[in-house]
Every structure is written in C-alpha cells, then in structure tokens.
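Trainee: The structure file query-v1.txt (compact mmCIF, C-alpha atoms and all ligand atoms) is provided below.
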```txt
# COMPACT_ATOMS: atom_id res chain seq x y z
CA MET A 1 -47.72 -13.58 14.39
CA SER A 2 -44.70 -15.86 14.54
CA THR A 3 -41.95 -15.03 16.99
CA ARG A 4 -39.34 -15.52 14.33
CA PRO A 5 -37.18 -12.37 14.02
CA LEU A 6 -38.24 -10.27 11.04
CA LEU A 7 -34.74 -9.27 10.04
CA ASN A 8 -32.75 -11.87 8.14
CA ARG A 9 -30.00 -13.13 10.41
CA ARG A 10 -27.30 -12.09 7.94
CA LEU A 11 -28.26 -8.48 8.72
CA ASP A 12 -28.29 -9.02 12.46
CA GLY A 13 -26.53 -6.23 14.31
CA LEU A 14 -26.23 -3.93 11.31
CA GLY A 15 -28.90 -1.55 12.66
CA THR A 16 -28.99 2.07 11.49
CA THR A 17 -25.87 3.37 9.76
CA ILE A 18 -23.70 5.61 11.89
CA PHE A 19 -24.01 8.31 9.20
CA ALA A 20 -27.80 8.40 9.48
CA GLU A 21 -27.59 8.38 13.28
CA MET A 22 -25.10 11.21 13.48
CA SER A 23 -26.63 13.37 10.73
CA ALA A 24 -30.01 13.07 12.49
CA LEU A 25 -28.29 14.19 15.70
CA ALA A 26 -26.84 17.20 13.87
CA THR A 27 -30.26 18.16 12.52
CA ALA A 28 -31.96 17.70 15.89
CA THR A 29 -29.37 19.77 17.77
CA GLY A 30 -28.41 22.34 15.12
CA ALA A 31 -24.77 21.31 15.60
CA ILE A 32 -22.10 21.74 12.90
CA ASN A 33 -22.03 18.43 11.03
CA LEU A 34 -18.45 17.24 10.58
CA GLY A 35 -19.75 13.66 10.65
CA GLN A 36 -21.16 12.34 7.38
CA GLY A 37 -18.88 13.12 4.45
CA PHE A 38 -20.78 15.47 2.17
CA PRO A 39 -19.63 18.92 1.02
CA ASP A 40 -21.62 21.96 2.12
CA THR A 41 -20.94 23.61 -1.26
CA ASP A 42 -22.21 22.01 -4.45
CA GLY A 43 -19.91 21.11 -7.34
CA PRO A 44 -19.34 23.20 -10.49
CA ARG A 45 -22.25 25.33 -11.59
CA GLU A 46 -21.88 24.31 -15.25
CA ILE A 47 -22.21 20.66 -14.27
CA ALA A 48 -25.39 21.38 -12.29
CA GLN A 49 -26.61 23.29 -15.35
CA ALA A 50 -25.87 20.28 -17.53
CA ALA A 51 -28.07 18.15 -15.26
CA ALA A 52 -30.88 20.72 -15.43
CA ASP A 53 -30.53 20.95 -19.21
CA ALA A 54 -30.70 17.17 -19.51
CA VAL A 55 -33.94 17.05 -17.51
CA LEU A 56 -35.54 19.88 -19.46
CA SER A 57 -34.47 18.62 -22.86
CA GLY A 58 -35.70 15.12 -22.12
CA ARG A 59 -32.36 13.33 -21.95
CA GLY A 60 -32.31 10.54 -19.41
CA ASN A 61 -35.81 11.09 -18.08
CA GLN A 62 -36.76 7.58 -19.15
CA TYR A 63 -34.79 4.44 -18.29
CA PRO A 64 -31.24 4.80 -19.57
CA PRO A 65 -29.51 1.68 -20.99
CA GLY A 66 -28.69 -0.96 -18.36
CA PRO A 67 -24.89 -0.53 -18.42
CA GLY A 68 -25.19 3.28 -18.45
CA ILE A 69 -25.49 5.76 -21.32
CA PRO A 70 -22.75 5.26 -23.96
CA GLU A 71 -21.57 8.88 -23.56
CA LEU A 72 -20.82 8.35 -19.87
CA ARG A 73 -19.21 4.97 -20.38
CA THR A 74 -16.93 6.58 -22.96
CA ALA A 75 -16.10 9.45 -20.59
CA ILE A 76 -15.29 6.98 -17.78
CA ALA A 77 -12.97 5.03 -20.07
CA GLU A 78 -11.29 8.29 -21.15
CA HIS A 79 -10.88 9.33 -17.51
CA GLN A 80 -9.21 6.02 -16.62
CA GLN A 81 -6.82 6.53 -19.53
CA ARG A 82 -6.17 10.22 -18.85
CA PHE A 83 -5.39 9.93 -15.15
CA HIS A 84 -4.15 6.37 -14.76
CA GLY A 85 -3.12 5.11 -18.20
CA LEU A 86 -5.69 2.31 -17.96
CA GLY A 87 -7.44 1.22 -21.16
CA TYR A 88 -11.04 -0.02 -20.91
CA ASP A 89 -13.56 -0.62 -23.66
CA PRO A 90 -16.65 1.52 -22.99
CA ASP A 91 -18.71 -1.34 -24.44
CA GLY A 92 -18.29 -4.24 -22.07
CA GLU A 93 -15.61 -3.08 -19.64
CA VAL A 94 -17.45 -0.16 -18.00
CA LEU A 95 -20.63 -0.27 -15.92
CA VAL A 96 -22.50 2.71 -14.47
CA THR A 97 -24.01 2.10 -11.01
CA ALA A 98 -26.12 3.88 -8.39
CA GLY A 99 -23.08 5.30 -6.62
CA ALA A 100 -20.08 3.31 -5.52
CA THR A 101 -22.39 1.80 -2.92
CA GLU A 102 -24.33 -0.20 -5.51
CA ALA A 103 -21.11 -1.19 -7.25
CA ILE A 104 -19.78 -2.66 -3.99
CA ALA A 105 -23.05 -4.49 -3.32
CA ALA A 106 -23.32 -5.85 -6.86
CA ALA A 107 -19.67 -6.96 -6.83
CA MET A 108 -20.13 -8.88 -3.58
CA LEU A 109 -23.42 -10.46 -4.68
CA ALA A 110 -21.96 -11.41 -8.05
CA LEU A 111 -18.56 -12.71 -7.01
CA LEU A 112 -19.12 -14.49 -3.69
CA GLU A 113 -20.45 -17.93 -2.89
CA PRO A 114 -21.76 -18.47 0.65
CA GLY A 115 -18.82 -19.15 2.94
CA ASP A 116 -16.25 -17.41 0.76
CA GLU A 117 -13.83 -15.29 2.76
CA VAL A 118 -13.24 -11.64 2.00
CA ILE A 119 -10.17 -9.97 3.46
CA ALA A 120 -10.50 -6.25 4.16
CA PHE A 121 -8.54 -3.77 6.21
CA GLU A 122 -10.44 -2.47 9.21
CA PRO A 123 -11.64 0.10 10.10
CA PHE A 124 -13.88 -0.53 7.08
CA TYR A 125 -16.40 1.69 5.39
CA ASP A 126 -19.68 0.45 6.81
CA SER A 127 -21.25 -0.92 3.65
CA TYR A 128 -18.45 -3.48 3.24
CA ALA A 129 -19.50 -5.55 6.24
CA ALA A 130 -23.16 -5.30 5.22
CA CYS A 131 -22.57 -6.27 1.58
CA VAL A 132 -20.27 -9.17 2.39
CA ALA A 133 -22.90 -10.37 4.88
CA MET A 134 -25.78 -10.01 2.39
CA ALA A 135 -23.81 -12.07 -0.10
CA GLY A 136 -23.32 -14.80 2.52
CA GLY A 137 -19.57 -14.22 2.65
CA THR A 138 -17.35 -14.13 5.70
CA ARG A 139 -15.31 -11.05 6.36
CA VAL A 140 -11.77 -11.42 7.58
CA PRO A 141 -10.56 -8.14 9.08
CA LEU A 142 -6.95 -7.05 9.21
CA THR A 143 -6.46 -4.14 11.54
CA LEU A 144 -4.76 -0.93 10.46
CA ARG A 145 -3.15 0.60 13.53
CA ALA A 146 -2.46 4.20 14.49
CA PRO A 147 -0.54 6.37 14.00
CA ASP A 148 0.21 5.46 10.35
CA PHE A 149 -2.48 2.87 9.62
CA ARG A 150 -0.10 0.99 7.28
CA PRO A 151 -1.25 -2.50 6.25
CA ASP A 152 0.61 -5.42 7.80
CA LEU A 153 1.55 -7.32 4.66
CA ASP A 154 2.80 -10.40 6.53
CA ALA A 155 -0.51 -10.61 8.35
CA LEU A 156 -2.27 -10.27 5.00
CA ARG A 157 -0.31 -13.14 3.52
CA ALA A 158 -1.02 -15.26 6.60
CA ALA A 159 -4.76 -14.46 6.45
CA VAL A 160 -5.23 -16.03 3.00
CA THR A 161 -6.81 -19.48 3.21
CA PRO A 162 -8.20 -21.87 0.57
CA ARG A 163 -11.59 -20.22 1.22
CA THR A 164 -10.37 -16.69 0.46
CA ARG A 165 -12.11 -15.42 -2.67
CA LEU A 166 -11.26 -11.77 -2.74
CA LEU A 167 -9.45 -8.83 -1.26
CA LEU A 168 -11.60 -5.76 -0.72
CA LEU A 169 -9.34 -2.73 -0.85
CA ASN A 170 -9.98 0.96 -0.27
CA SER A 171 -7.29 3.49 -1.07
CA PRO A 172 -7.37 6.40 -0.28
CA HIS A 173 -8.86 4.86 2.84
CA ASN A 174 -11.96 6.01 4.68
CA PRO A 175 -11.82 6.72 7.63
CA THR A 176 -8.04 6.78 8.25
CA GLY A 177 -6.85 8.72 5.18
CA MET A 178 -4.15 6.10 4.52
CA VAL A 179 -3.03 5.84 0.86
CA LEU A 180 -1.43 2.57 -0.26
CA THR A 181 2.13 3.05 -1.58
CA PRO A 182 3.40 1.54 -4.85
CA ASP A 183 5.39 -1.02 -2.82
CA GLU A 184 2.37 -2.05 -0.77
CA LEU A 185 0.24 -2.31 -3.89
CA ALA A 186 2.89 -4.42 -5.60
CA ALA A 187 3.04 -6.81 -2.65
CA ILE A 188 -0.75 -7.10 -2.54
CA ALA A 189 -0.91 -7.67 -6.30
CA GLU A 190 1.76 -10.36 -6.12
CA LEU A 191 -0.17 -12.15 -3.40
CA ALA A 192 -3.42 -11.90 -5.37
CA CYS A 193 -1.77 -13.45 -8.42
CA GLU A 194 0.02 -16.15 -6.43
CA ARG A 195 -3.13 -17.21 -4.57
CA ASP A 196 -5.49 -16.56 -7.48
CA LEU A 197 -7.62 -13.99 -5.65
CA LEU A 198 -9.98 -11.40 -7.04
CA VAL A 199 -9.50 -7.79 -5.94
CA VAL A 200 -12.34 -5.32 -5.53
CA THR A 201 -10.88 -1.87 -5.07
CA ASP A 202 -12.88 1.12 -3.89
CA GLU A 203 -11.17 4.25 -5.21
CA VAL A 204 -13.87 6.88 -4.66
CA TYR A 205 -11.27 9.28 -3.20
CA GLU A 206 -8.86 8.81 -6.13
CA HIS A 207 -8.57 12.57 -6.72
CA LEU A 208 -8.23 13.51 -3.04
CA VAL A 209 -4.60 12.66 -2.32
CA PHE A 210 -2.33 15.16 -0.57
CA THR A 211 0.77 13.07 0.14
CA GLY A 212 2.10 10.73 -2.53
CA ALA A 213 -0.21 9.80 -5.38
CA HIS A 214 -3.07 7.48 -6.14
CA HIS A 215 -2.01 4.32 -7.96
CA PRO A 216 -4.73 1.96 -9.15
CA ILE A 217 -3.90 -1.66 -8.42
CA ALA A 218 -5.51 -2.63 -11.74
CA ALA A 219 -2.46 -1.19 -13.51
CA LEU A 220 -0.06 -3.73 -11.99
CA PRO A 221 1.10 -6.87 -13.81
CA GLY A 222 -1.44 -9.67 -13.74
CA MET A 223 -4.10 -7.52 -12.12
CA ARG A 224 -6.26 -6.35 -14.99
CA GLU A 225 -8.11 -9.64 -15.34
CA ARG A 226 -8.70 -10.06 -11.59
CA THR A 227 -9.54 -6.50 -10.46
CA VAL A 228 -12.87 -4.74 -10.18
CA SER A 229 -12.19 -0.99 -9.82
CA ILE A 230 -14.93 1.17 -8.34
CA SER A 231 -15.27 4.95 -8.25
CA SER A 232 -17.94 7.59 -8.09
CA ALA A 233 -18.78 11.17 -9.03
CA GLY A 234 -19.92 11.99 -5.51
CA LYS A 235 -16.55 12.89 -3.97
CA THR A 236 -14.71 14.12 -7.05
CA PHE A 237 -17.41 16.52 -8.20
CA SER A 238 -19.16 17.34 -4.90
CA PHE A 239 -22.53 15.95 -5.93
CA THR A 240 -22.97 13.13 -3.42
CA GLY A 241 -26.75 13.12 -3.83
CA TRP A 242 -26.62 12.25 -7.52
CA LYS A 243 -25.34 8.75 -6.81
CA VAL A 244 -23.51 8.14 -10.05
CA GLY A 245 -20.80 5.53 -9.63
CA TRP A 246 -19.01 3.09 -11.91
CA VAL A 247 -17.09 -0.11 -12.30
CA THR A 248 -14.20 -0.70 -14.69
CA ALA A 249 -12.91 -4.24 -15.14
CA SER A 250 -12.35 -6.97 -17.72
CA ALA A 251 -15.45 -7.95 -19.71
CA PRO A 252 -16.11 -11.21 -17.77
CA LEU A 253 -15.93 -9.38 -14.43
CA VAL A 254 -18.14 -6.53 -15.62
CA ALA A 255 -20.62 -9.07 -16.99
CA ALA A 256 -20.77 -10.77 -13.59
CA VAL A 257 -21.23 -7.52 -11.66
CA ARG A 258 -23.81 -6.30 -14.20
CA THR A 259 -25.84 -9.47 -13.70
CA ALA A 260 -26.32 -8.63 -10.02
CA LYS A 261 -26.65 -4.88 -10.61
CA GLN A 262 -29.52 -5.23 -13.08
CA TYR A 263 -31.69 -6.76 -10.34
CA LEU A 264 -30.75 -4.19 -7.69
CA THR A 265 -31.66 -0.87 -9.32
CA TYR A 266 -31.63 -1.94 -12.98
CA VAL A 267 -30.68 1.68 -13.83
CA SER A 268 -30.56 5.05 -12.08
CA ALA A 269 -29.82 8.77 -12.32
CA GLY A 270 -30.61 9.15 -16.08
CA PRO A 271 -30.13 12.95 -16.48
CA PHE A 272 -27.24 13.01 -14.02
CA GLN A 273 -25.38 10.55 -16.22
CA TYR A 274 -25.24 13.26 -18.91
CA ALA A 275 -23.94 15.81 -16.42
CA VAL A 276 -21.26 13.48 -15.04
CA THR A 277 -20.14 12.83 -18.64
CA GLU A 278 -19.23 16.53 -18.80
CA ALA A 279 -17.74 16.55 -15.30
CA LEU A 280 -15.28 13.77 -16.13
CA ARG A 281 -14.01 15.88 -19.02
CA LEU A 282 -13.31 19.00 -16.92
CA PRO A 283 -9.81 20.38 -17.43
CA ASP A 284 -6.93 19.37 -15.14
CA ALA A 285 -7.25 22.73 -13.36
CA TYR A 286 -10.54 21.58 -11.80
CA PHE A 287 -8.94 18.53 -10.20
CA THR A 288 -5.88 20.50 -9.05
CA GLN A 289 -8.02 23.19 -7.46
CA LEU A 290 -10.22 20.65 -5.68
CA ARG A 291 -7.14 19.10 -4.10
CA ALA A 292 -5.61 22.47 -3.18
CA ASP A 293 -8.84 23.63 -1.53
CA LEU A 294 -9.15 20.42 0.45
CA LEU A 295 -5.51 20.52 1.51
CA ARG A 296 -6.06 24.00 2.96
CA LYS A 297 -9.17 22.77 4.76
CA ARG A 298 -7.37 19.70 6.05
CA ASP A 299 -4.66 21.85 7.60
CA LEU A 300 -7.17 24.28 9.06
CA LEU A 301 -9.07 21.49 10.78
CA ALA A 302 -6.00 19.47 11.77
CA ASP A 303 -4.38 22.49 13.44
CA GLY A 304 -7.62 23.31 15.22
CA LEU A 305 -8.10 19.76 16.46
CA ARG A 306 -4.53 19.66 17.76
CA ALA A 307 -5.00 22.96 19.54
CA ALA A 308 -8.22 21.61 21.04
CA GLY A 309 -6.27 18.71 22.58
CA PHE A 310 -6.95 15.84 20.17
CA GLU A 311 -4.23 13.53 18.93
CA VAL A 312 -4.42 14.05 15.17
CA TYR A 313 -3.43 11.49 12.53
CA ASP A 314 -2.76 13.55 9.41
CA PRO A 315 -4.52 11.92 6.46
CA GLN A 316 -2.63 11.37 3.21
CA GLY A 317 -5.90 11.43 1.30
CA THR A 318 -9.74 11.58 1.54
CA TYR A 319 -11.59 14.39 3.28
CA PHE A 320 -11.52 12.86 6.74
CA ILE A 321 -9.25 13.25 9.74
CA THR A 322 -9.05 10.49 12.31
CA THR A 323 -8.20 11.62 15.83
CA ASP A 324 -7.70 10.01 19.21
CA ILE A 325 -9.60 11.43 22.18
CA THR A 326 -7.46 9.87 24.89
CA PRO A 327 -5.54 13.14 25.55
CA LEU A 328 -8.91 14.73 26.37
CA GLY A 329 -9.40 12.17 29.13
CA GLU A 330 -12.02 10.31 27.05
CA THR A 331 -12.29 6.53 26.73
CA ASP A 332 -15.30 5.83 24.49
CA ALA A 333 -15.65 7.35 21.01
CA HIS A 334 -19.33 6.50 20.59
CA ALA A 335 -20.32 8.04 23.92
CA PHE A 336 -18.10 11.04 23.17
CA CYS A 337 -19.77 11.58 19.76
CA ARG A 338 -23.27 11.27 21.21
CA ALA A 339 -22.45 13.95 23.80
CA LEU A 340 -20.44 16.25 21.52
CA PRO A 341 -23.37 18.31 20.10
CA GLU A 342 -24.55 19.07 23.64
CA ARG A 343 -21.03 19.82 24.89
CA CYS A 344 -19.87 22.07 22.06
CA GLY A 345 -22.22 22.01 19.07
CA VAL A 346 -20.23 19.72 16.74
CA VAL A 347 -21.03 16.30 15.28
CA ALA A 348 -18.35 13.70 14.47
CA ILE A 349 -18.24 9.96 13.73
CA PRO A 350 -16.88 7.32 16.14
CA ASN A 351 -14.47 5.11 14.20
CA SER A 352 -15.11 2.35 16.72
CA VAL A 353 -18.16 1.27 14.67
CA PHE A 354 -15.92 0.53 11.67
CA TYR A 355 -13.91 -2.15 13.51
CA ASP A 356 -14.74 -5.77 14.28
CA ASP A 357 -12.16 -5.60 17.04
CA PRO A 358 -13.96 -3.36 19.55
CA ASP A 359 -10.73 -2.33 21.30
CA ALA A 360 -8.88 -1.27 18.18
CA GLY A 361 -10.83 1.92 17.57
CA ARG A 362 -12.43 2.58 20.94
CA THR A 363 -10.99 6.08 21.28
CA GLN A 364 -10.92 7.14 17.61
CA VAL A 365 -13.16 9.88 16.25
CA ARG A 366 -13.42 11.02 12.62
CA PHE A 367 -14.08 14.58 11.44
CA THR A 368 -14.70 15.62 7.83
CA PHE A 369 -13.22 18.80 6.38
CA CYS A 370 -15.28 19.09 3.16
CA LYS A 371 -16.95 22.20 4.57
CA GLN A 372 -16.58 25.94 4.02
CA ASP A 373 -13.53 27.48 5.71
CA SER A 374 -15.77 29.63 7.91
CA VAL A 375 -17.69 26.55 9.08
CA LEU A 376 -14.44 24.74 9.89
CA ALA A 377 -13.16 27.81 11.76
CA ASP A 378 -16.38 27.97 13.76
CA ALA A 379 -16.17 24.24 14.54
CA VAL A 380 -12.57 24.61 15.68
CA THR A 381 -13.55 27.45 18.03
CA ARG A 382 -16.33 25.31 19.48
CA LEU A 383 -14.07 22.27 19.89
CA GLY A 384 -11.59 24.51 21.68
CA GLN A 385 -14.11 24.77 24.53
CA LEU A 386 -13.88 21.04 25.23
CA ARG A 387 -10.96 21.27 27.59
CA VAL A 388 -12.68 23.87 29.73
CA SER A 389 -16.14 22.24 29.72
N1 LIG B 401 -16.80 3.96 -0.54
C1 LIG B 401 -16.27 4.78 0.36
C2 LIG B 401 -14.94 4.48 0.94
C3 LIG B 401 -16.97 5.91 0.78
O1 LIG B 401 -16.47 6.71 1.71
C4 LIG B 401 -18.24 6.15 0.23
C5 LIG B 401 -19.00 7.31 0.77
N2 LIG B 401 -19.52 8.08 0.07
C6 LIG B 401 -18.75 5.28 -0.73
C7 LIG B 401 -18.00 4.18 -1.08
C8 LIG B 401 -20.09 5.45 -1.35
O2 LIG B 401 -20.05 6.23 -2.48
P1 LIG B 401 -21.38 6.66 -3.24
O3 LIG B 401 -21.94 7.82 -2.51
O4 LIG B 401 -20.93 6.97 -4.61
O5 LIG B 401 -22.31 5.49 -3.21
N1 LIG B 402 -19.12 8.08 2.63
C1 LIG B 402 -19.69 9.01 3.56
C2 LIG B 402 -18.86 8.99 4.82
O1 LIG B 402 -18.05 8.14 5.00
C3 LIG B 402 -21.10 8.72 3.95
C4 LIG B 402 -21.96 7.98 3.00
C5 LIG B 402 -23.17 7.44 3.69
O2 LIG B 402 -23.83 8.12 4.45
N2 LIG B 402 -23.47 6.20 3.45
O3 LIG B 402 -19.05 9.83 5.64
```
What do you get writing this file as structure tokens?
Mentor:
Amino acid sequence: MSTRPLLNRRLDGLGTTIFAEMSALATATGAINLGQGFPDTDGPREIAQAAADAVLSGRGNQYPPGPGIPELRTAIAEHQQRFHGLGYDPDGEVLVTAGATEAIAAAMLALLEPGDEVIAFEPFYDSYAACVAMAGGTRVPLTLRAPDFRPDLDALRAAVTPRTRLLLLNSPHNPTGMVLTPDELAAIAELACERDLLVVTDEVYEHLVFTGAHHPIAALPGMRERTVSISSAGKTFSFTGWKVGWVTASAPLVAAVRTAKQYLTYVSAGPFQYAVTEALRLPDAYFTQLRADLLRKRDLLADGLRAAGFEVYDPQGTYFITTDITPLGETDAHAFCRALPERCGVVAIPNSVFYDDPDAGRTQVRFTFCKQDSVLADAVTRLGQLRVS
C-alpha cells in the first residue's frame, strides 16, 4: 500500500474532538462529566411526547422536504420575529439542518473559495477550525483575553485583508461565556458593510444570557443581506441528541448554504422536526424558567469553583464557566483535565485546544453547569479536595 497519508492534509492535526476524548474518559472512570455540554435532564415532556407521536403516527418517518418541513420553517420564522423582531420568509429564507454543526459546515463549504480568509475570535468552538479547513479556507484568529474576553475591535479592523471573505461570530460565546454588546455588534457590522464581508453568526446559546441581552447582528443596518444566522434546538430545549438546527438569511444566502447542505445529509431528524415546531412555540415562561434555572446553577458552580481555588471568569451567557488553574499551582490545562478524574472524580475541558495560540489558553479549563443541582453540588465537593490532594 502507498505510504501516502490516508487523511487529507486539510484535516491534519484535527484528531479526535476534545468532547469525545473527555466524555470517553468520564465513562471509563465513572467521573462526573462537566466536560461536554449536554444537560443531564431532558427537555419538556410534552415535546418528547410530540416526537413520539410523530414517529407513531407516521409523520417524518420518510425523508422530509430538503429545506425542512414547512411547519418547522414557519415556526422558526415566527421565533425570529417573536424574540428578535426579524422577519424571514419560511419559503426561501429558512433552512433546517442537522444541528448547528451542519449549518456551520454547509455555510463554510458554500461561501468560501480556497484561500479565502475567515476571521474568528479564539478560543473557537472546535468545529469552526475543522469546517474552515475542509472548505479550503484560512482561519485568522483574534484572541479574546481573560478576564473579560472582550473582542479587540481595532485588531479586528486591522485583520481584514483583501482576501477576507467572512467573519465567523459566536455570541453568546462558547467557551468563554462572553456576550457581544450592542456597541461591539454595531462596530462589527459597520466594518462588515465597509469591507463588504459576509457574517456567519452562531447563536445557539441565544436564550442563555444572564447579563445583558442577546442581540442578533442580522438586525443591524446593512446586515440582513450579508448575514447567515445559525441556531439550534439542542441548547434551548435540552434535546442535544435530536440535532435539529437552522439557518435564517436572505434567499440568495440560504440558496447557497442549501446547495452544500443537500449533499451533506440531504435531510435529517424527520419526526423531531415536528416536535421542535411545538417547542419553538412554547410560552415565554418556558424560556424565562430555563434561564432562571441555569443562572442558579451557574452561581452554584461558580461559587464552588472559587472556593476550590480556581480563578473563575463569570460567564454572561451559555452554560459554561471558564476558569484559570494557575492559583492551584497548575500550568497545563490538558494535563490537568486528563488527571482530574483520577484526582477527584470530575471531568472538564481544557480550553487550550480551542486556541491557535498555544500560550493564550494554556491554563484555562471549562466546566459546564447544565447538570442537576445535586450533581453540581457533588462535583463542587469533589473539586474542593484538589487543594489537599
Ligand atoms: N456552536 C456552538 C458554539 C456550540 O457550542 C455547539 C455545541 N453544541 C454547536 C454549535 C453545535 O450545535 P448542534 O448540537 O446543534 O449541532
Ligand atoms: N457544544 C458542546 C460543547 O461545547 C459539545 C458538542 C460536541 O460534542 N460536538 O461542549
């Protein structure tokens, strides 16, 4: 057999995702998994029932329409109007995808030519680097720095070159919990218009904001025709395994993304599309309660991590807390996370893997708080042993 490497060189170094690595470690050791972000309690019972009913009544068991079932596309458009005042036509300006993950992949494959530059704030969610690479693009990282992880808007302006094709945004931001302010969004939008850039914005944590509010960049002047907005049912409704995501954008942008998407999965999650249609129409009280529950959990975990000796960066949104392990005498997040199950029975994620600049996140560790209060309390007790071990 030829000695040529089997893996395409664009995927060189991407290896196994940190989430798979750390969840496998949790399973193998029986540790509490505060690594991968998935809730340990499923979403609303009536929404699960709607999925079961759809399966049993034969709705969505065969290929749904390519862009998604019309009912769901209508519910997505209504949701964008209800929460953000954004008007999208369910026919042509909404696309249902296999989670936000497929939406990101399809957007990159559709919108990038080889060599195009994509500016994104690091630490980035791991699929960004992979999808930009698979599309033949070049990622240009701009580092968000502790303790506030605010974007450096001058650096952003300076990073735009004639090869820059798009800005890949994520607010609320995983893993730091940073939420872009209206002023920051306005500055980014102005730059995008001035330099004629596309914006792909990952807003999967749009309902998980504790400080300030979520503002979609698509709502700003000049942005509608250049923005691809992405979200997903996974985080908002606590059904991460269903993998129902969506894109809203102008018709030409949706048409481009749909062209790539139809050759990735073609379609997915038929019966779940019916259930998510109902979920998006839940009353405001559902969304308020979700946020209140997560705020309580955030504070429980943040207080516990502080007491255990971590430096804690309070997140404004998402269900993650980024910490620094330097006060514990630690210098390497990845090594720390590999040893953590053995040391105290907890799994976390090293943020260092989300940076191109290896020094920027070397001592940062992320914990998720989308777990039952009792599980978080147990984890906090265990982490409290670190200083004595
Ligand atoms: N974007 C971000 C920032 C995320 O944290 C995640 C993780 N779930 C995704 C996208 C992927 O979402 P989905 O599970 O809907 O594919
Ligand atoms: N978004 C989740 C997280 O950041 C994980 C999703 C995945 O495993 N790809 O933890």
Trainee: Select the residues contacting ligand LIG 401 (chain B) at a distance of at most 9 Å, based on all atoms listed in the file, then format the selection as a PyMOL selection string.
Mentor: chain A and resi 36-38+97-104+124-128+170-175+202-205+230-235+239-246+318
Trainee: Rank nothing, just name the residue among A:Gly317, A:Arg163, A:Glu311, A:Ala192 nearest to His214 of chain A, using all atoms listed in the file.
Mentor: A:Gly317
Trainee: Grab the atom CA of Glu342 of chain A to atom CA of Ala308 of chain A distance for me, in Å with one decimal place.
Mentor: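 Computing the Euclidean distance for atom CA of Glu342 of chain A and atom CA of Ala308 of chain A yields 16.7 Å.
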Trainee: Can you write out as JSON lines which residues of segment 167-259 of chain A fall within 9 Å of segment 284-306 of chain A, alongside each residue's closest atom pair and its distance in Å to one decimal, counting only C-alpha atoms and ordering rows by chain and ascending residue number?
Mentor:
```
{"residue": "A:His207", "atom": "CA", "partner": "A:Phe287", "partner_atom": "CA", "distance": 6.9}
{"residue": "A:Leu208", "atom": "CA", "partner": "A:Arg291", "partner_atom": "CA", "distance": 5.8}
{"residue": "A:Val209", "atom": "CA", "partner": "A:Arg291", "partner_atom": "CA", "distance": 7.1}
{"residue": "A:Phe210", "atom": "CA", "partner": "A:Leu295", "partner_atom": "CA", "distance": 6.6}
{"residue": "A:Thr236", "atom": "CA", "partner": "A:Phe287", "partner_atom": "CA", "distance": 7.9}
{"residue": "A:Phe237", "atom": "CA", "partner": "A:Leu290", "partner_atom": "CA", "distance": 8.7}
```
Trainee: May I ask for the distance between atom CA of Met22 of chain A and atom CA of Cys337 of chain A, given in Å to one decimal place?
Mentor: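 These two atoms are separated by 8.2 Å.
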Trainee: For ligand LIG 402 (chain B), which residue out of A:Gly85, A:Pro141, A:Pro70, A:Gly35 is the nearest one, using all atoms listed in the file?
Mentor: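 Among the listed residues, the smallest separation from ligand LIG 402 (chain B) belongs to A:Gly35.
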Trainee: Might you pull out every residue within 12 Å of Ile69 of chain A, with only C-alpha atoms counted and same-chain residues fewer than 4 positions away left off, and present them as a PyMOL selection string?
Mentor: chain A and resi 59-60+62-65+73-76+90-91+94-97+244+246+267-277
Trainee: Can you work out which one of A:Met223, A:Leu34, A:Cys344, A:Leu376 has the shortest atom-to-atom distance to ligand LIG 402 (chain B), counting all atoms listed in the file?
Mentor: A:Leu34
Trainee: Using only C-alpha atoms, which of the listed residues (A:Pro39, A:Gly137, A:Gly212, A:Gly92) sits closest to Ala107 of chain A?
Mentor: A:Gly137
Trainee: Can you pull out every residue within 8 Å of Ala260 of chain A, counting only C-alpha atoms, but drop anything in the same chain fewer than 4 positions away, and send it as an MDAnalysis selection string?
Mentor: chainID A and resid 106:107 109:110 256 264
Trainee: Do a neighbour search on Leu191 of chain A at 10 Å with only C-alpha atoms, toss out local chain neighbours closer than 3 positions, and write the hits as an NGL selection string.
Mentor: :A and (153 or 156-157 or 160 or 185-188 or 194-197)
Trainee: Smallest atom-to-atom distance to ligand LIG 402 (chain B): which of A:Leu14, A:Leu72, A:Ile349, A:Leu328, using only C-alpha atoms and all ligand atoms?
Mentor: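 Going through A:Leu14, A:Leu72, A:Ile349, A:Leu328 one by one, the smallest distance to ligand LIG 402 (chain B) is for A:Ile349.
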Trainee: Identify which of the residues A:Thr248, A:Leu383, A:Ser352, A:Lys371 lies closest to Asp89 of chain A, counting all atoms listed in the file when measuring atom-to-atom distances.
Mentor: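 Smallest separation from Asp89 of chain A among the options: A:Thr248.
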Trainee: Just the residues within 7 Å of segment 142-145 of chain A, please, counting all atoms listed in the file, with nothing from its chain fewer than 6 positions along; format it as number ranges by chain.
Mentor: A: 120-123, 151
Trainee: Mind listing whatever residues come within 12 Å of the point (-23.9, 23.2, -17.7)? Use only C-alpha atoms, file coordinates, and give them as a list in words.
Mentor: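 It turns out the residues near that spot are Gly43, Pro44, Arg45, Glu46, Ile47, Ala48, Gln49, Ala50, Ala51, Ala52, Asp53, Ala54, Val55, Phe272, Tyr274, Ala275, Val276, Thr277, Glu278, Ala279 and Leu282 of chain A.
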Trainee: What separation in Å, quoted to one decimal, exists between atom CA of Asp152 of chain A and atom CA of Met178 of chain A?
Mentor: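 Separating atom CA of Asp152 of chain A from atom CA of Met178 of chain A is a distance of 12.9 Å.
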Trainee: Using all atoms listed in the file, what residues lie at most 12 Å away from (-15.1, 9.7, 23.4) (file coordinates), given as JSON, numbers by chain?
Mentor: {"A": [310, 323, 324, 325, 326, 327, 328, 329, 330, 331, 332, 333, 334, 335, 336, 337, 338, 339, 340, 343, 348, 349, 350, 351, 352, 361, 362, 363, 364, 365, 366, 386]}
Trainee: Can you report as JSON the centre and edge lengths in Å, to one decimal, of an axis-aligned box around the listed atoms of segment 64-74 of chain A padded with 4 Å on each side?
Mentor:
```
{"center_x": -24.1, "center_y": 4.0, "center_z": -21.2, "size_x": 22.3, "size_y": 17.8, "size_z": 13.6}
```
